[in-house]
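File shown here: upload12.tsv, holding TSV, C-alpha atoms and all ligand atoms.
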```tsv
chain	number	residue	atom	x	y	z
A	16	MET	CA	-3.41	11.39	-15.36
A	17	LYS	CA	-0.36	9.19	-15.96
A	18	GLU	CA	0.74	11.46	-18.85
A	19	GLN	CA	0.57	14.54	-16.62
A	20	ILE	CA	2.62	12.76	-13.97
A	21	ILE	CA	5.23	11.72	-16.54
A	22	GLN	CA	5.31	15.35	-17.71
A	23	GLN	CA	5.89	16.57	-14.15
A	24	LEU	CA	8.68	14.06	-13.67
A	25	LYS	CA	10.34	15.16	-16.91
A	26	GLN	CA	10.16	18.86	-15.99
A	27	ASN	CA	11.52	18.63	-12.44
A	28	LYS	CA	14.77	17.50	-10.87
A	29	THR	CA	14.54	16.75	-7.15
A	30	VAL	CA	12.07	14.17	-5.93
A	31	LEU	CA	11.05	13.09	-2.45
A	32	ILE	CA	9.38	9.66	-2.33
A	33	ALA	CA	7.64	8.62	0.87
A	34	SER	CA	5.45	5.75	2.08
A	35	HIS	CA	3.53	5.00	5.27
A	36	THR	CA	4.92	4.55	8.79
A	37	SER	CA	5.07	1.01	10.20
A	38	PRO	CA	5.73	-0.03	6.62
A	39	ASP	CA	4.70	-3.33	5.06
A	40	GLY	CA	6.28	-5.03	2.04
A	41	ASP	CA	4.29	-2.91	-0.41
A	42	ALA	CA	5.27	0.37	1.27
A	43	ILE	CA	8.98	-0.55	1.15
A	44	GLY	CA	8.93	-2.40	-2.18
A	45	SER	CA	7.10	0.41	-4.01
A	46	LEU	CA	9.37	3.03	-2.44
A	47	ILE	CA	12.60	1.30	-3.49
A	48	ALA	CA	11.32	0.34	-6.95
A	49	LEU	CA	10.20	3.86	-7.84
A	50	GLY	CA	13.31	5.43	-6.27
A	51	LEU	CA	15.72	3.29	-8.29
A	52	THR	CA	13.65	3.91	-11.43
A	53	LEU	CA	13.61	7.69	-11.08
A	54	GLU	CA	17.35	7.70	-10.47
A	55	LYS	CA	17.80	5.84	-13.75
A	56	PHE	CA	15.50	8.49	-15.23
A	57	GLY	CA	18.05	11.14	-14.18
A	58	LYS	CA	16.35	12.49	-11.06
A	59	LYS	CA	17.86	13.36	-7.69
A	60	VAL	CA	15.90	11.14	-5.34
A	61	VAL	CA	15.44	11.12	-1.57
A	62	LEU	CA	13.64	8.11	-0.05
A	63	TYR	CA	11.68	8.60	3.15
A	64	ASN	CA	9.96	6.26	5.55
A	65	GLU	CA	9.47	7.10	9.20
A	66	GLY	CA	9.91	3.40	9.89
A	67	PRO	CA	10.87	1.39	11.60
A	68	ILE	CA	11.72	-0.73	8.57
A	69	PRO	CA	11.01	-4.30	9.71
A	70	ALA	CA	14.06	-6.59	9.77
A	71	VAL	CA	12.34	-8.96	7.31
A	72	TYR	CA	12.34	-6.27	4.58
A	73	ARG	CA	15.94	-5.16	5.05
A	74	PHE	CA	17.14	-7.63	2.41
A	75	LEU	CA	15.60	-5.33	-0.21
A	76	PRO	CA	18.15	-3.22	-2.09
A	77	GLN	CA	19.15	0.15	-0.67
A	78	THR	CA	16.91	0.11	2.39
A	79	ASP	CA	19.88	1.62	4.27
A	80	ARG	CA	19.49	4.90	2.42
A	81	VAL	CA	15.84	5.38	3.40
A	82	LEU	CA	15.69	8.41	5.70
A	83	CYS	CA	13.46	8.37	8.79
A	84	ALA	CA	13.75	12.16	9.30
A	85	LEU	CA	14.24	15.16	6.99
A	86	GLU	CA	16.15	18.38	7.61
A	87	PRO	CA	13.69	21.13	8.63
A	88	ASP	CA	14.66	23.20	5.57
A	89	ALA	CA	14.62	20.27	3.09
A	90	PHE	CA	13.06	21.28	-0.24
A	91	PHE	CA	12.03	19.19	-3.24
A	92	ASP	CA	10.46	19.98	-6.62
A	93	ILE	CA	8.11	17.01	-6.38
A	94	ALA	CA	6.87	14.74	-3.61
A	95	ILE	CA	5.48	11.30	-4.41
A	96	VAL	CA	3.45	9.61	-1.69
A	97	LEU	CA	3.01	5.85	-2.03
A	98	ASP	CA	0.54	3.41	-0.46
A	99	CYS	CA	-1.07	6.05	1.82
A	100	SER	CA	-4.79	6.80	2.04
A	101	THR	CA	-4.04	10.18	3.65
A	102	LEU	CA	-0.95	12.39	3.57
A	103	GLN	CA	-0.68	12.12	7.38
A	104	ARG	CA	0.12	8.40	7.02
A	105	ILE	CA	3.74	9.26	6.13
A	106	GLY	CA	4.25	10.92	9.53
A	107	ALA	CA	6.30	14.07	10.23
A	108	ALA	CA	7.47	14.53	6.60
A	109	ALA	CA	3.88	15.52	5.72
A	110	GLU	CA	4.93	19.07	6.71
A	111	THR	CA	7.71	19.06	4.07
A	112	VAL	CA	5.32	17.63	1.48
A	113	LYS	CA	2.82	20.42	2.15
A	114	LEU	CA	5.53	22.95	1.14
A	115	THR	CA	6.49	21.00	-2.01
A	116	PRO	CA	5.17	22.61	-5.23
A	117	VAL	CA	3.87	19.35	-6.71
A	118	THR	CA	2.50	16.33	-4.79
A	119	ILE	CA	1.70	13.04	-6.52
A	120	ASN	CA	-0.50	10.50	-4.73
A	121	ILE	CA	-0.13	6.86	-5.84
A	122	ASP	CA	-2.26	4.36	-3.95
A	123	HIS	CA	-4.73	1.46	-4.01
A	124	HIS	CA	-6.72	2.07	-0.79
A	125	VAL	CA	-10.45	2.48	-1.34
A	126	THR	CA	-10.47	5.09	1.46
A	127	ASN	CA	-7.88	7.35	-0.26
A	128	THR	CA	-8.88	11.00	0.26
A	129	GLY	CA	-7.54	12.11	-3.14
A	130	PHE	CA	-4.96	14.48	-1.61
A	131	GLY	CA	-2.20	16.01	-3.74
A	132	ASP	CA	-2.04	17.69	-7.15
A	133	PHE	CA	-1.96	14.52	-9.27
A	134	GLN	CA	-3.23	11.09	-8.32
A	135	ILE	CA	-3.27	7.52	-9.53
A	136	ILE	CA	-5.65	5.79	-7.14
A	137	ASP	CA	-6.71	2.35	-8.26
A	138	ALA	CA	-8.57	0.32	-5.64
A	139	LYS	CA	-8.55	-2.63	-8.06
A	140	ALA	CA	-4.75	-2.75	-8.09
A	141	CYS	CA	-3.46	-5.61	-5.92
A	142	ALA	CA	-0.73	-3.40	-4.47
A	143	SER	CA	0.75	0.06	-4.92
A	144	ALA	CA	3.63	-1.85	-6.51
A	145	GLU	CA	1.28	-2.76	-9.40
A	146	ILE	CA	0.69	0.95	-10.10
A	147	VAL	CA	4.41	1.71	-9.71
A	148	TYR	CA	5.13	-1.06	-12.25
A	149	GLU	CA	2.76	0.55	-14.77
A	150	LEU	CA	4.38	3.94	-14.21
A	151	ILE	CA	7.85	2.46	-14.76
A	152	LYS	CA	6.63	1.00	-18.07
A	153	LYS	CA	5.30	4.42	-19.13
A	154	LEU	CA	8.62	6.04	-18.21
A	155	GLY	CA	10.37	3.47	-20.38
A	156	VAL	CA	13.01	2.69	-17.77
A	157	ALA	CA	14.54	-0.81	-17.95
A	158	ILE	CA	13.64	-2.97	-14.94
A	159	ASP	CA	16.76	-4.51	-13.40
A	160	ALA	CA	16.93	-7.28	-10.78
A	161	ALA	CA	16.82	-4.79	-7.86
A	162	ILE	CA	13.68	-3.08	-9.15
A	163	ALA	CA	12.14	-6.44	-10.07
A	164	THR	CA	12.75	-7.82	-6.55
A	165	SER	CA	11.16	-4.74	-4.98
A	166	ILE	CA	8.04	-4.86	-7.19
A	167	TYR	CA	7.74	-8.62	-6.67
A	168	THR	CA	7.97	-8.22	-2.87
A	169	GLY	CA	5.29	-5.50	-2.83
A	170	ILE	CA	2.82	-7.67	-4.74
A	171	PHE	CA	3.79	-10.94	-3.02
A	172	THR	CA	3.27	-9.52	0.48
A	173	ASP	CA	0.16	-7.36	-0.16
A	174	THR	CA	-1.66	-10.34	-1.73
A	175	GLY	CA	-0.67	-12.56	1.23
A	176	SER	CA	1.37	-14.71	-1.16
A	177	PHE	CA	-1.38	-14.67	-3.80
A	178	ARG	CA	-4.03	-15.82	-1.31
A	179	PHE	CA	-6.12	-12.69	-0.57
A	180	ALA	CA	-9.10	-11.38	-2.56
A	181	ASN	CA	-6.96	-8.63	-4.14
A	182	THR	CA	-4.96	-11.30	-6.03
A	183	ASN	CA	-5.74	-10.36	-9.63
A	184	LEU	CA	-4.40	-11.29	-13.06
A	185	ALA	CA	-1.91	-8.43	-12.91
A	186	ALA	CA	-0.39	-9.93	-9.74
A	187	PHE	CA	0.56	-13.09	-11.63
A	188	ALA	CA	1.47	-11.36	-14.88
A	189	ILE	CA	3.72	-8.77	-13.26
A	190	CYS	CA	5.34	-11.26	-10.87
A	191	ASN	CA	5.99	-13.62	-13.77
A	192	GLU	CA	7.77	-10.80	-15.58
A	193	MET	CA	9.65	-9.76	-12.42
A	194	VAL	CA	10.97	-13.31	-11.99
A	195	GLN	CA	12.13	-13.29	-15.61
A	196	LEU	CA	13.92	-10.01	-14.88
A	197	GLY	CA	15.79	-11.35	-11.87
A	198	ALA	CA	13.49	-11.50	-8.82
A	199	ASP	CA	14.14	-14.74	-6.90
A	200	PRO	CA	10.83	-16.00	-5.39
A	201	TYR	CA	12.50	-18.37	-2.92
A	202	CYS	CA	14.89	-15.69	-1.74
A	203	VAL	CA	11.99	-13.27	-1.18
A	204	SER	CA	9.78	-15.75	0.70
A	205	LYS	CA	12.73	-16.99	2.79
A	206	ASN	CA	13.48	-13.44	3.90
A	207	VAL	CA	9.89	-12.32	4.42
A	208	TYR	CA	8.33	-15.44	5.98
A	209	GLY	CA	11.25	-17.70	6.89
A	210	ALA	CA	13.50	-15.50	9.02
A	211	TYR	CA	11.39	-14.80	12.12
A	212	SER	CA	13.08	-14.35	15.48
A	213	LEU	CA	12.21	-16.93	18.13
A	214	ASN	CA	10.69	-14.03	20.09
A	215	ARG	CA	8.29	-13.36	17.24
A	216	ILE	CA	7.02	-16.94	17.37
A	217	LYS	CA	6.62	-16.61	21.15
A	218	LEU	CA	4.56	-13.45	20.59
A	219	LEU	CA	2.35	-15.40	18.18
A	220	ASN	CA	1.86	-17.96	20.93
A	221	GLN	CA	0.71	-15.22	23.31
A	222	ALA	CA	-1.67	-13.81	20.72
A	223	LEU	CA	-3.17	-17.22	19.90
A	224	ASP	CA	-3.91	-17.68	23.58
A	225	THR	CA	-6.19	-14.62	23.52
A	226	ILE	CA	-8.45	-15.70	20.63
A	227	GLU	CA	-12.12	-15.34	21.42
A	228	ILE	CA	-14.98	-16.08	19.10
A	229	SER	CA	-18.53	-14.74	19.12
A	230	GLN	CA	-21.43	-17.02	19.96
A	231	ASP	CA	-22.52	-17.11	16.33
A	232	GLY	CA	-18.94	-17.80	15.25
A	233	LYS	CA	-18.80	-14.84	12.86
A	234	LEU	CA	-16.37	-12.63	14.76
A	235	SER	CA	-12.95	-13.53	16.09
A	236	MET	CA	-10.86	-11.30	18.27
A	237	MET	CA	-7.27	-11.26	19.52
A	238	VAL	CA	-5.44	-8.91	21.86
A	239	LEU	CA	-1.77	-7.98	22.12
A	240	THR	CA	-0.67	-5.89	25.09
A	241	GLN	CA	2.57	-4.06	25.79
A	242	ALA	CA	3.11	-6.53	28.64
A	243	MET	CA	3.14	-9.39	26.10
A	244	MET	CA	5.52	-7.44	23.87
A	245	SER	CA	7.98	-6.81	26.69
A	246	LYS	CA	7.68	-10.36	28.03
A	247	THR	CA	8.64	-11.72	24.59
A	248	GLY	CA	11.09	-8.90	23.72
A	249	THR	CA	9.22	-8.03	20.51
A	250	GLN	CA	8.45	-4.85	18.55
A	251	SER	CA	5.42	-3.62	16.64
A	252	GLU	CA	6.88	-5.04	13.40
A	253	ASP	CA	6.55	-8.54	14.89
A	254	VAL	CA	2.75	-8.16	14.96
A	255	GLU	CA	2.39	-8.17	11.15
A	256	GLY	CA	0.46	-11.20	9.92
A	257	ILE	CA	-0.71	-12.44	13.34
A	258	ILE	CA	-4.32	-11.37	12.66
A	259	ASN	CA	-4.51	-13.86	9.80
A	260	TYR	CA	-4.75	-16.70	12.32
A	261	ALA	CA	-7.98	-15.22	13.68
A	262	ARG	CA	-9.23	-14.71	10.12
A	263	ARG	CA	-8.63	-18.33	9.12
A	264	ILE	CA	-11.18	-19.82	11.51
A	265	GLU	CA	-14.11	-21.40	9.62
A	266	ASP	CA	-17.31	-19.29	9.43
A	267	VAL	CA	-15.51	-16.17	10.69
A	268	LYS	CA	-16.65	-13.13	8.71
A	269	MET	CA	-14.52	-10.54	10.49
A	270	ALA	CA	-11.32	-10.88	12.50
A	271	VAL	CA	-10.09	-8.19	14.88
A	272	LEU	CA	-6.70	-7.67	16.49
A	273	ILE	CA	-6.50	-5.05	19.22
A	274	HIS	CA	-2.87	-4.07	19.69
A	275	GLU	CA	-1.87	-1.85	22.58
A	276	LEU	CA	0.70	0.71	21.46
A	277	LYS	CA	3.58	2.15	23.46
A	278	ASN	CA	2.80	5.32	25.38
A	279	GLY	CA	4.67	7.64	27.67
A	280	HIS	CA	2.76	6.61	30.79
A	281	LYS	CA	4.43	3.45	31.94
A	282	HIS	CA	2.52	3.22	35.18
A	283	LYS	CA	-0.92	4.13	33.91
A	284	PRO	CA	-3.50	1.79	35.42
A	285	ALA	CA	-4.87	-0.85	33.05
A	286	CYS	CA	-8.36	0.70	33.26
A	287	ALA	CA	-7.09	4.11	31.99
A	288	PRO	CA	-7.29	4.94	28.26
A	289	HIS	CA	-4.27	3.72	26.25
A	290	PRO	CA	-3.41	4.12	22.56
A	291	TYR	CA	-4.38	1.05	20.54
A	292	HIS	CA	-4.12	0.03	16.91
A	293	VAL	CA	-7.06	-2.05	15.78
A	294	SER	CA	-6.63	-4.26	12.71
A	295	LEU	CA	-9.71	-5.55	10.90
A	296	ARG	CA	-9.88	-8.35	8.36
A	297	GLY	CA	-12.95	-9.49	6.46
A	298	ASN	CA	-13.66	-12.64	4.53
A	299	GLY	CA	-15.53	-10.96	1.71
A	300	ASN	CA	-18.90	-10.28	3.36
A	301	VAL	CA	-17.98	-7.30	5.51
A	302	ASP	CA	-16.62	-3.97	4.27
A	303	VAL	CA	-13.99	-3.43	6.96
A	304	ALA	CA	-12.65	-0.29	5.21
A	305	SER	CA	-15.85	1.59	5.99
A	306	ILE	CA	-15.82	0.38	9.61
A	307	ALA	CA	-12.21	1.58	9.98
A	308	ALA	CA	-13.11	4.88	8.29
A	309	ASP	CA	-15.90	5.43	10.87
A	310	PHE	CA	-13.17	5.25	13.53
A	311	GLY	CA	-10.90	7.68	11.62
A	312	GLY	CA	-8.76	5.02	9.94
A	313	GLY	CA	-8.92	3.39	6.53
A	314	GLY	CA	-7.78	0.55	4.32
A	315	HIS	CA	-9.25	-1.95	1.88
A	316	HIS	CA	-12.58	-3.82	1.66
A	317	ASP	CA	-11.04	-6.89	3.34
A	318	ALA	CA	-8.16	-5.35	5.35
A	319	ALA	CA	-8.23	-2.11	7.27
A	320	GLY	CA	-7.19	-0.49	10.53
A	321	PHE	CA	-7.55	2.47	12.84
A	322	ASN	CA	-5.96	3.99	15.93
A	323	ILE	CA	-7.93	4.74	19.06
A	324	GLU	CA	-7.16	5.97	22.58
A	325	SER	CA	-9.43	4.08	24.93
A	326	THR	CA	-9.68	1.12	27.28
A	327	LEU	CA	-9.61	-2.46	26.09
A	328	ALA	CA	-13.10	-3.08	27.50
A	329	ASP	CA	-14.51	-0.07	25.64
A	330	ILE	CA	-12.91	-1.07	22.31
A	331	LYS	CA	-14.24	-4.63	22.61
A	332	ASN	CA	-17.65	-3.24	23.43
A	333	LYS	CA	-17.62	-0.90	20.43
A	334	ILE	CA	-16.72	-3.78	18.13
A	335	LEU	CA	-19.34	-6.10	19.59
A	336	ASN	CA	-21.98	-3.42	19.01
A	337	LEU	CA	-21.15	-2.80	15.36
A	338	GLU	CA	-24.03	-3.20	12.94
A	339	ILE	CA	-22.45	-4.71	9.85
A	340	GLY	CA	-24.63	-6.45	7.30
A	341	ASP	CA	-25.42	-10.00	8.31
A	342	VAL	CA	-22.74	-9.84	10.96
A	343	ASN	CA	-24.45	-7.71	13.57
A	344	SER	CA	-25.71	-7.70	17.12
A	345	GLU	CA	-25.67	-11.51	17.11
A	346	PHE	CA	-22.01	-11.13	18.11
A	347	GLY	CA	-23.16	-11.28	21.71
A	348	ILE	CA	-20.75	-12.35	24.42
A	349	LEU	CA	-17.48	-13.85	23.24
A	350	ASN	CA	-16.62	-17.40	24.20
A	351	SER	CA	-13.19	-18.01	25.50
A	352	GLU	CA	-11.45	-21.12	26.71
A	353	SER	CA	-8.88	-19.21	28.73
A	401	LIG	P1	-3.12	-3.15	9.44
A	401	LIG	O1	-4.33	-3.65	10.12
A	401	LIG	O2	-2.37	-2.14	10.20
A	401	LIG	O3	-2.28	-4.28	8.96
A	401	LIG	O4	-3.61	-2.40	8.14
A	401	LIG	C1	-4.48	-2.95	7.20
A	401	LIG	C2	-4.70	-1.96	6.07
A	401	LIG	O5	-5.35	-0.80	6.58
A	401	LIG	C3	-3.41	-1.47	5.40
A	401	LIG	O6	-3.63	-1.32	4.03
A	401	LIG	C4	-3.18	-0.12	6.05
A	401	LIG	O7	-2.51	0.74	5.16
A	401	LIG	C5	-4.56	0.36	6.38
A	401	LIG	N1	-4.56	1.14	7.64
A	401	LIG	C6	-4.21	0.68	8.86
A	401	LIG	N2	-4.31	1.66	9.78
A	401	LIG	C7	-4.73	2.76	9.15
A	401	LIG	C8	-5.01	4.10	9.57
A	401	LIG	N3	-4.89	4.49	10.85
A	401	LIG	N4	-5.41	4.98	8.61
A	401	LIG	C9	-5.55	4.59	7.33
A	401	LIG	N5	-5.30	3.35	6.87
A	401	LIG	C10	-4.90	2.43	7.76
A	402	MN	MN	0.75	-0.74	2.98
A	403	MN	MN	-0.51	-1.66	-0.32
```
Turn this file's structure into structure tokens for me.
Amino acid sequence: MKEQIIQQLKQNKTVLIASHTSPDGDAIGSLIALGLTLEKFGKKVVLYNEGPIPAVYRFLPQTDRVLCALEPDAFFDIAIVLDCSTLQRIGAAAETVKLTPVTINIDHHVTNTGFGDFQIIDAKACASAEIVYELIKKLGVAIDAAIATSIYTGIFTDTGSFRFANTNLAAFAICNEMVQLGADPYCVSKNVYGAYSLNRIKLLNQALDTIEISQDGKLSMMVLTQAMMSKTGTQSEDVEGIINYARRIEDVKMAVLIHELKNGHKHKPACAPHPYHVSLRGNGNVDVASIAADFGGGGHHDAAGFNIESTLADIKNKILNLEIGDVNSEFGILNSES
């Protein structure tokens, strides 16, 4: 498959590269790394991400040139979609991609639908950046410090700083090489984890206050509402990573963060359905990707998510009633101190 993709890249000139909305470090890192590489390979490259690009990833090279909208008549020879289990994950540009003669799907989500004309889908890869790295090697393009920093950031963030179950040998081997080629580990971690706004820390405080745990201790749950976001002056990007606090509690097998999204109905009563994003994290025993897929979302074995329009009470109820291996109806009523 890689050979056919290399062939396609050799034969064509204009390339659109896109990754998923509400991007994480892998979505941005892979996008920049492949974009810079294909430019060195002589291609005309447009980078697309619907955004918003979180402030903590703006230190990466050339994030300013990433477009969040395309001209309606934009046309490309090839589209490359990175870190997306479905084409829809890139947002509005999916319409442009559908009209592109060749679509290449590069991803590591176990729930990837296999869309596109050519695919490299490797659920064992620690990050899409690992697959991008291998492609760069095949292309024979020299990795400079900008590319190295982008690949390093993709792997560093998607493995939770080499802590999550997807941390494989390649993560260490590639990051070792990236550091030799100019990636600065301290600079990356300082930007990604050491430059939070005070508001972001206050949002974390709000979220921690909502933690509930099931009677058997296997499920933890947190809630973030739009009221908490406005009270703390925070954005969706400030939510990244908060769920890991719920996941860290001893004996917890699955952590859930229910995040109310913005909608157009400011004065909708709290009991009316609202759009929510639900993040799921497992500690190895629960396949959260398949749970998310049942709700129309997707992800990895240990980290997944889905969107739902409902009430908070209904979402909590649905989660409490999930039958998932040894973590099942014993969830019962959640205990809460507050
Ligand atoms: P999150 O909980 O949003 O941090 O996402 C965890 C993982 O699940 C990431 O790899 C996401 O790409 C994936 N994911 C989250 N939401 C969705 C969705 N609605 N559809 C498909 N994959 C998702
Ligand atoms: Mn991602
Ligand atoms: Mn990823």
- Item | Local residues around (11.4, -15.8, 8.7), at most 12 Å away, using only C-alpha atoms, as a list of chain:residue names | A:Pro69, A:Ala70, A:Val71, A:Tyr72, A:Phe74, A:Tyr201, A:Cys202, A:Val203, A:Ser204, A:Lys205, A:Asn206, A:Val207, A:Tyr208, A:Gly209, A:Ala210, A:Tyr211, A:Ser212, A:Leu213, A:Asn214, A:Arg215, A:Ile216, A:Asp253, A:Gly256
Would you write out those residues with C-alpha atoms, as a PDB file, keeping the file's coordinate frame?
```pdb
ATOM      1  CA  PRO A  69      11.010  -4.300   9.710  1.00  0.00           C
ATOM      2  CA  ALA A  70      14.060  -6.590   9.770  1.00  0.00           C
ATOM      3  CA  VAL A  71      12.340  -8.960   7.310  1.00  0.00           C
ATOM      4  CA  TYR A  72      12.340  -6.270   4.580  1.00  0.00           C
ATOM      5  CA  PHE A  74      17.140  -7.630   2.410  1.00  0.00           C
ATOM      6  CA  TYR A 201      12.500 -18.370  -2.920  1.00  0.00           C
ATOM      7  CA  CYS A 202      14.890 -15.690  -1.740  1.00  0.00           C
ATOM      8  CA  VAL A 203      11.990 -13.270  -1.180  1.00  0.00           C
ATOM      9  CA  SER A 204       9.780 -15.750   0.700  1.00  0.00           C
ATOM     10  CA  LYS A 205      12.730 -16.990   2.790  1.00  0.00           C
ATOM     11  CA  ASN A 206      13.480 -13.440   3.900  1.00  0.00           C
ATOM     12  CA  VAL A 207       9.890 -12.320   4.420  1.00  0.00           C
ATOM     13  CA  TYR A 208       8.330 -15.440   5.980  1.00  0.00           C
ATOM     14  CA  GLY A 209      11.250 -17.700   6.890  1.00  0.00           C
ATOM     15  CA  ALA A 210      13.500 -15.500   9.020  1.00  0.00           C
ATOM     16  CA  TYR A 211      11.390 -14.800  12.120  1.00  0.00           C
ATOM     17  CA  SER A 212      13.080 -14.350  15.480  1.00  0.00           C
ATOM     18  CA  LEU A 213      12.210 -16.930  18.130  1.00  0.00           C
ATOM     19  CA  ASN A 214      10.690 -14.030  20.090  1.00  0.00           C
ATOM     20  CA  ARG A 215       8.290 -13.360  17.240  1.00  0.00           C
ATOM     21  CA  ILE A 216       7.020 -16.940  17.370  1.00  0.00           C
ATOM     22  CA  ASP A 253       6.550  -8.540  14.890  1.00  0.00           C
ATOM     23  CA  GLY A 256       0.460 -11.200   9.920  1.00  0.00           C
TER      24      GLY A 256
END
```
- Message: Which residues are near Ala185 (chain A)? Cut-off 8 Å, all atoms listed in the file, ignore same chain within fewer than 5 positions. Put them as a ChimeraX atom specification.
- Response: /A:140-141,145
- Would you mind listing the residues within 7 Å of ligand LIG 401 (chain A), counting all atoms listed in the file, as JSON, numbers by chain? {"A": [98, 99, 100, 101, 104, 124, 255, 293, 294, 295, 311, 312, 313, 314, 315, 318, 319, 320, 321, 322]}
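Closest approach to Val147 (chain A) among A:Asp88, A:Glu324, A:Glu227, A:Asp41: A:Asp41, based on all atoms listed in the file.
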- Note on the structure: note - CA of Pro290 (chain A) and CA of Asp79 (chain A) are separated by 29.7 Å
- Given only C-alpha atoms and all ligand atoms as the counted atoms, nearest of A:Leu62, A:Asn27, A:His123, A:Glu110 to ligand MN 402 (chain A): A:His123
- Task: Pick out the residues sitting within 8 Å of Gly50 (chain A), and hand them over as a list in words; count all atoms listed in the file, and ignore anything fewer than 3 positions along from it in its own chain.
- Result: Ile32, Leu46, Ile47, Leu53, Glu54, Val60, Val61 and Leu62 of chain A
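Minimum atom-to-atom distances from A:Gln22, A:Ser165, A:Asn298, A:Ser229 to Asn336 (chain A) were compared using only C-alpha atoms, and the lowest value belongs to A:Ser229.
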- Kindly provide, as a ChimeraX atom specification, all nucleotide and amino acid residues lying within 9 Å of ligand MN 402 (chain A), counting all atoms listed in the file. /A:34-43,97-99,124,142-143,169,173,314
- Task: Tell me which protein, DNA and RNA residues are within 9 Å of Tyr260 (chain A), counting all atoms listed in the file, leaving out same-chain ones fewer than 3 positions away, and put them as a ChimeraX atom specification.
- Result: /A:223,256-257,263-264,270
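Put simply, CA of Lys333 (chain A) is 26.7 Å away from CA of Phe179 (chain A).
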- Task: Would you work out the distance separating CA of Ala89 (chain A) from CA of Leu24 (chain A), expressed in Å to one decimal?
- Result: 18.8 Å
- Query: Which residue, A:Ile21, A:Ala94, A:Leu218, A:Leu114, has the smallest gap to Glu149 (chain A) when you use all atoms listed in the file?
  - Reply: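 Of A:Ile21, A:Ala94, A:Leu218, A:Leu114, the one nearest Glu149 (chain A) is A:Ile21, counting all atoms listed in the file.
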- Item | Nearest to His289 (chain A), chosen from A:Glu338, A:Glu275, A:Asp302, A:Glu265, with all atoms listed in the file counted in the distances |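 Once distances to His289 (chain A) are computed over all atoms listed in the file, the minimum belongs to A:Glu275.
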- Show which residues sit within 12 Å of Asn191 (chain A), as number ranges by chain. Count all atoms listed in the file, and ignore same-chain residues fewer than 3 positions away. A: 163-164, 166-167, 170-171, 184-188, 194-200
Take the residues that were just selected and, keeping C-alpha atoms, output them as a PDB file, keeping the file's coordinate frame.
```pdb
ATOM      1  CA  ALA A 163      12.140  -6.440 -10.070  1.00  0.00           C
ATOM      2  CA  THR A 164      12.750  -7.820  -6.550  1.00  0.00           C
ATOM      3  CA  ILE A 166       8.040  -4.860  -7.190  1.00  0.00           C
ATOM      4  CA  TYR A 167       7.740  -8.620  -6.670  1.00  0.00           C
ATOM      5  CA  ILE A 170       2.820  -7.670  -4.740  1.00  0.00           C
ATOM      6  CA  PHE A 171       3.790 -10.940  -3.020  1.00  0.00           C
ATOM      7  CA  LEU A 184      -4.400 -11.290 -13.060  1.00  0.00           C
ATOM      8  CA  ALA A 185      -1.910  -8.430 -12.910  1.00  0.00           C
ATOM      9  CA  ALA A 186      -0.390  -9.930  -9.740  1.00  0.00           C
ATOM     10  CA  PHE A 187       0.560 -13.090 -11.630  1.00  0.00           C
ATOM     11  CA  ALA A 188       1.470 -11.360 -14.880  1.00  0.00           C
ATOM     12  CA  VAL A 194      10.970 -13.310 -11.990  1.00  0.00           C
ATOM     13  CA  GLN A 195      12.130 -13.290 -15.610  1.00  0.00           C
ATOM     14  CA  LEU A 196      13.920 -10.010 -14.880  1.00  0.00           C
ATOM     15  CA  GLY A 197      15.790 -11.350 -11.870  1.00  0.00           C
ATOM     16  CA  ALA A 198      13.490 -11.500  -8.820  1.00  0.00           C
ATOM     17  CA  ASP A 199      14.140 -14.740  -6.900  1.00  0.00           C
ATOM     18  CA  PRO A 200      10.830 -16.000  -5.390  1.00  0.00           C
TER      19      PRO A 200
END
```
- Message: Please determine, counting all atoms listed in the file, which residue among A:Gly299, A:Gly248, A:Gly44, A:Pro76 has the shortest atom-to-atom distance to ligand MN 403 (chain A).
- Response: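 For ligand MN 403 (chain A), the nearest of the given residues is A:Gly44.
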